[in-house]
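**Q** Below is one structure. I have some questions about it.
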Amino acid sequence: MWETRLEFTRPGLQTSIQDMGREGRQSQGVPRGGVMDTRSMLIANSLVGNAANNPILEIALIGPKIKVTGDAYIAVTGAPIDIKVNGVSSVMYETLHIQSGSTIELGAISDGARSYLAINGEWKIDRWQGSCSPLPIINPKSLLSNQILKNSKLIINTQKLINKKNCPPNLRFRFDTQMTLSVLQGPEFGLLSSVNQKYFFESAFTIHKNSNRMAVSMIECIPNFENEHELISSANLIGTIQLTKEGQPMILMNDGGTTGGYPRIANVITADLPKIAQLKTGQKIKFQLVDLDFAVNEYKKEKELLLSIA
Amino acid sequence: MDIIPYGDHAILIKFENKIDITVNQKVIALSNIIKNTKPIGYRYCIPAYCSLTVVFDPLKTNFQKLKTKISNIQIKKDPTKFEVARTLSIPVCYDNKYAPDLKAFAKSKSLSTEEIISIHSENIYHVYMLGFLPGFAYLGKCDKSIKANRLSSPRLKVPAGSVGLAGLQTAIYPCESPGGWQLIGRTPIRIFDEAAENPFLFQEGDKVRFRQISEEEYKGLEVDIILDNFDSEIIIDVGN
């Protein structure tokens, strides 16, 4: 075992250290947080021999430039991103051995929104209430350093890795210009008129540029959605689709508010959440209605798949 | 009680659709029973004003099984029986310096600032739920005479400890954050203390009262808290 030091000479657009988040604190106003694309995270950690919930770098849109001191084993997964090690192009979805003194440069993401960089070993970072994931709006001081800035440093106790691996092609992220998300009826689905419902399930929606870890918004509003009264606040879940007063659909994500008063018209099924993490501005999507049996089946299939990876 | 599926891994229990202490106490009571009995596959509860969300593991249970289990739970009829017996007394300084909206708000209500302060601090409030921000407790209900509109454009930075009004609700900002509530005072008490084992002062079902303090007392408490000479237990009265 040896110490590997990373220095971020360029932080990237929005790079953060994440794990699977903190569960069960929503009743105290704390969002779960954690990686947006769980599948890509698990694959990356598995490629470098880490436990499933080992911290990882989540990279949005533009990647960081990192100076590495001490040998490291890394893997990059998720949305396609240009990787250069000492100026030489490298590949995704494979264990890479990085020699001490190297520079890793991750470029821009074209098709997708988030890439994941796993690094073998024990990360010397702070946790708060069981997770290293930074909070939005109010970030506890102990988690500030998990939001990567210029000149941020990260220390990892690296374990020697014998087996290099690569990921089977069928598990790798594939960008899809015709994305369809499966949804269940939400608690306030009944507030949609039949014309509203037809619009919601038959139209294509465009991803709004104001989309982030809190919510992914659509540009189009559902026309003639009439919602005069504010609802009494109730819990939101990851994947809940709420409608604003103007009828704009927003899919609430990992850092989203724990409670809210907007109508929850639908819920994206859990198995499709990694797809939302990869939606990019301007991309078109459609919603298709499924039933609970289908959703639970997909949930089980996705869990089995994730267990087979981890 | 209406029990419906909420996504593929949660169940939503809807109570009478209103902001009412008796209804909310039933929500909290049911939440506590479920937390304590931990049915198979249970993960966690998110109680709100008049609804309870129970998140579960679809690999271990399903909607129908949990629905049956929850439908069979008996909540005691007498709401006083399941009250959490905790009253918190929160010192608040209502001086101008800490109350940027108090003067204009009083004027809009045709009341004096002193009247607003006494109306606000004479009431005993109930913590309906936590949400919005870590540790943010929704307290109600306020007297109708101090019903407040939200600011037309929210402040970008509300200082931690600010006491705000919105509708018939009052709340304390646990940390500096953006916010649209009308600010009528501030407490030096830490509502959210990230270093504490339990970082949150409030829990649903608590009773809260506000005690008016001078600027001098505010500053004294502020120093005590920074120096760690303050035991937050003294503001909590258990078994009231």
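Identifiers for the structure tokens are assigned positionally: chains receive A, B, ... in sequence, residues are indexed from 1 per chain, and ligands are indexed from 1 in the order shown.
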Which residues are close to range 168-176 of chain B, i.e. within 8 Å by only C-alpha atoms, leaving aside same-chain residues fewer than 2 positions away? Reply as JSON, numbers by chain.

**A** {"A": [138], "B": [133, 134, 135, 136, 137, 138, 139, 140, 141, 142, 143, 144, 146, 147, 148, 157, 158, 159, 160, 161, 162, 163, 164, 165, 166, 178, 186, 190, 191, 192]}

**Q** Please, which residues of range 131-196 of chain B, numbered as in this document, come out strand (DSSP E) from DSSP, as a list in words?

**A** Ala137, Tyr138, Leu139, Gly140, Arg155, Leu156, Lys157, Val158, Ser162, Val163, Gly164, Leu165, Ala166, Gln169, Thr170, Ala171, Ile172, Ser177, Pro178, Gly179, Gln182, Leu183, Ile184, Gly185 and Arg186 of chain B

**Q** Hey, can you spit out that residue selection with C-alpha atoms as a CSV table (one decimal), in the first residue's frame?

**A**
chain,number,residue,atom,x,y,z
B,137,ALA,CA,-39.0,23.2,10.7
B,138,TYR,CA,-42.4,24.4,9.6
B,139,LEU,CA,-44.1,25.9,12.7
B,140,GLY,CA,-47.8,26.8,13.0
B,155,ARG,CA,-33.6,37.4,-0.7
B,156,LEU,CA,-30.4,35.8,-1.9
B,157,LYS,CA,-28.9,35.6,1.5
B,158,VAL,CA,-31.0,35.1,4.7
B,162,SER,CA,-33.6,34.4,11.1
B,163,VAL,CA,-37.2,34.1,12.2
B,164,GLY,CA,-39.6,34.4,9.3
B,165,LEU,CA,-43.3,34.5,8.5
B,166,ALA,CA,-45.1,33.1,5.5
B,169,GLN,CA,-46.4,29.6,9.3
B,170,THR,CA,-43.3,30.7,11.1
B,171,ALA,CA,-39.8,29.2,10.9
B,172,ILE,CA,-36.2,29.7,11.7
B,177,SER,CA,-29.6,30.5,2.5
B,178,PRO,CA,-31.8,32.2,-0.1
B,179,GLY,CA,-35.4,32.7,1.2
B,182,GLN,CA,-40.7,38.0,5.9
B,183,LEU,CA,-38.0,38.3,8.6
B,184,ILE,CA,-39.1,39.6,12.0
B,185,GLY,CA,-36.3,38.6,14.3
B,186,ARG,CA,-33.3,36.4,14.8

**Q** Chain A near chain B within 6 Å: what's each residue's closest atom pair and its distance in Å to one decimal, counting only C-alpha atoms, ordered by chain then ascending residue number, as CSV?

**A**
residue,atom,partner,partner_atom,distance
A:Gly24,CA,B:Tyr44,CA,5.4
A:Ser27,CA,B:Ile46,CA,4.7
A:Gln28,CA,B:Leu130,CA,5.2
A:Gly29,CA,B:Gly131,CA,3.9
A:Val30,CA,B:Pro134,CA,4.8
A:Ser234,CA,B:Ala48,CA,5.3
A:Gly257,CA,B:Phe132,CA,5.6
A:Thr258,CA,B:Gly131,CA,5.8
A:Thr259,CA,B:Gly131,CA,5.6
A:Asn267,CA,B:Gly7,CA,5.2

**Q** Excluding range 45-47 of chain A and its own-chain neighbours fewer than 2 positions away, which residues fall within 10 Å of it when counting only C-alpha atoms? Please give them as a compact mmCIF listing (two decimals) with C-alpha atoms, in the first residue's frame.

**A**
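Generated file (out-v1.txt):
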# COMPACT_ATOMS: atom_id res chain seq x y z
CA SER A 40 -21.69 3.95 -14.27
CA MET A 41 -20.36 4.43 -10.74
CA LEU A 42 -20.57 0.75 -9.84
CA ILE A 43 -18.88 -0.30 -13.06
CA GLY A 49 -11.20 -3.24 -7.43
CA ASN A 50 -13.06 -0.87 -5.09
CA ALA A 51 -16.10 -1.62 -2.95
CA ALA A 52 -19.38 -0.52 -4.57
CA ASN A 53 -19.87 2.51 -2.31
CA ASN A 54 -16.27 3.73 -2.52
CA PRO A 55 -16.15 7.48 -3.30
CA ILE A 56 -15.77 8.45 -6.95
CA TYR A 73 -5.22 2.55 -10.96
CA ILE A 74 -8.14 4.36 -12.52
CA ALA A 75 -11.16 3.75 -14.73
CA VAL A 76 -13.46 6.19 -16.51
CA THR A 77 -17.10 5.30 -17.28
CA TYR A 93 -14.35 1.27 -19.41
CA GLU A 94 -10.96 -0.33 -18.71
CA THR A 95 -8.57 -0.40 -15.78
CA LEU A 96 -5.71 2.01 -16.49
CA TYR A 116 -17.19 8.94 -13.59
CA LEU A 117 -13.56 8.59 -12.59
CA ALA A 118 -12.86 5.80 -10.10
CA ILE A 119 -9.48 5.51 -8.42
CA ASN A 120 -8.40 2.39 -6.56
CA GLY A 121 -7.88 2.63 -2.82
CA ASN A 163 -6.19 -7.89 -12.24
CA LYS A 164 -6.93 -5.33 -14.89
CA LYS A 165 -10.45 -5.58 -16.23
CA ASN A 166 -12.67 -4.21 -18.90
CA CYS A 167 -16.42 -3.85 -19.04
CA ILE A 309 -21.08 -5.81 -11.52
CA ALA A 310 -20.21 -4.92 -7.94

**Q** Range 22-225 of chain A: which residues are alpha helix (DSSP H) by DSSP, as number ranges by chain?

**A** A: 38-47, 194-202

**Q** Near Cys132 in chain A, counting only C-alpha atoms, which residues have an atom at most 12 Å away, once you skip same-chain residues fewer than 2 positions from it, shown as an NGL selection string?

**A** :A and (16-22 or 32-35 or 53-57 or 123-130 or 134-135 or 139-147)

**Q** For Ile119 in chain B, work out the shell of residues within 9 Å, counting only C-alpha atoms and skipping chain neighbours fewer than 2 positions away, then give it as an MDAnalysis selection string.

**A** chainID B and resid 114:117 121:123 142:143 145:146

**Q** Find the distance between CA of Thr180 in chain A and CA of Glu302 in chain A and write it in Å to one decimal.

**A** 16.7 Å

**Q** So the first atom is CA of Met253 in chain A and the second is CA of Ser31 in chain B; what is the distance between them in Å, to one decimal place?

**A** 24.3 Å

**Q** If we count only C-alpha atoms and set the cut-off at 6 Å, which residues sit around range 219-231 of chain A, ignoring sequence neighbours fewer than 4 positions away in its own chain? Please answer as a ChimeraX atom specification.

**A** /A:206,208,247-248,261

**Q** Generate a file of the selected residues that holds C-alpha atoms, formatted as a PDB file, in the first residue's frame.

**A**
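Result file is out.pdb:
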ATOM      1  CA  THR A 206     -36.616  19.197 -24.786  1.00  0.00           C
ATOM      2  CA  HIS A 208     -33.742  22.800 -20.483  1.00  0.00           C
ATOM      3  CA  GLY A 247     -47.141  23.445 -16.443  1.00  0.00           C
ATOM      4  CA  GLN A 248     -43.403  22.914 -16.918  1.00  0.00           C
ATOM      5  CA  GLY A 261     -46.091  21.819  -2.937  1.00  0.00           C
TER       6      GLY A 261
END

**Q** How far is it from CA of Leu201 in chain B to CA of Tyr42 in chain B, in Å with one decimal?

**A**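 A separation of 25.6 Å between them.
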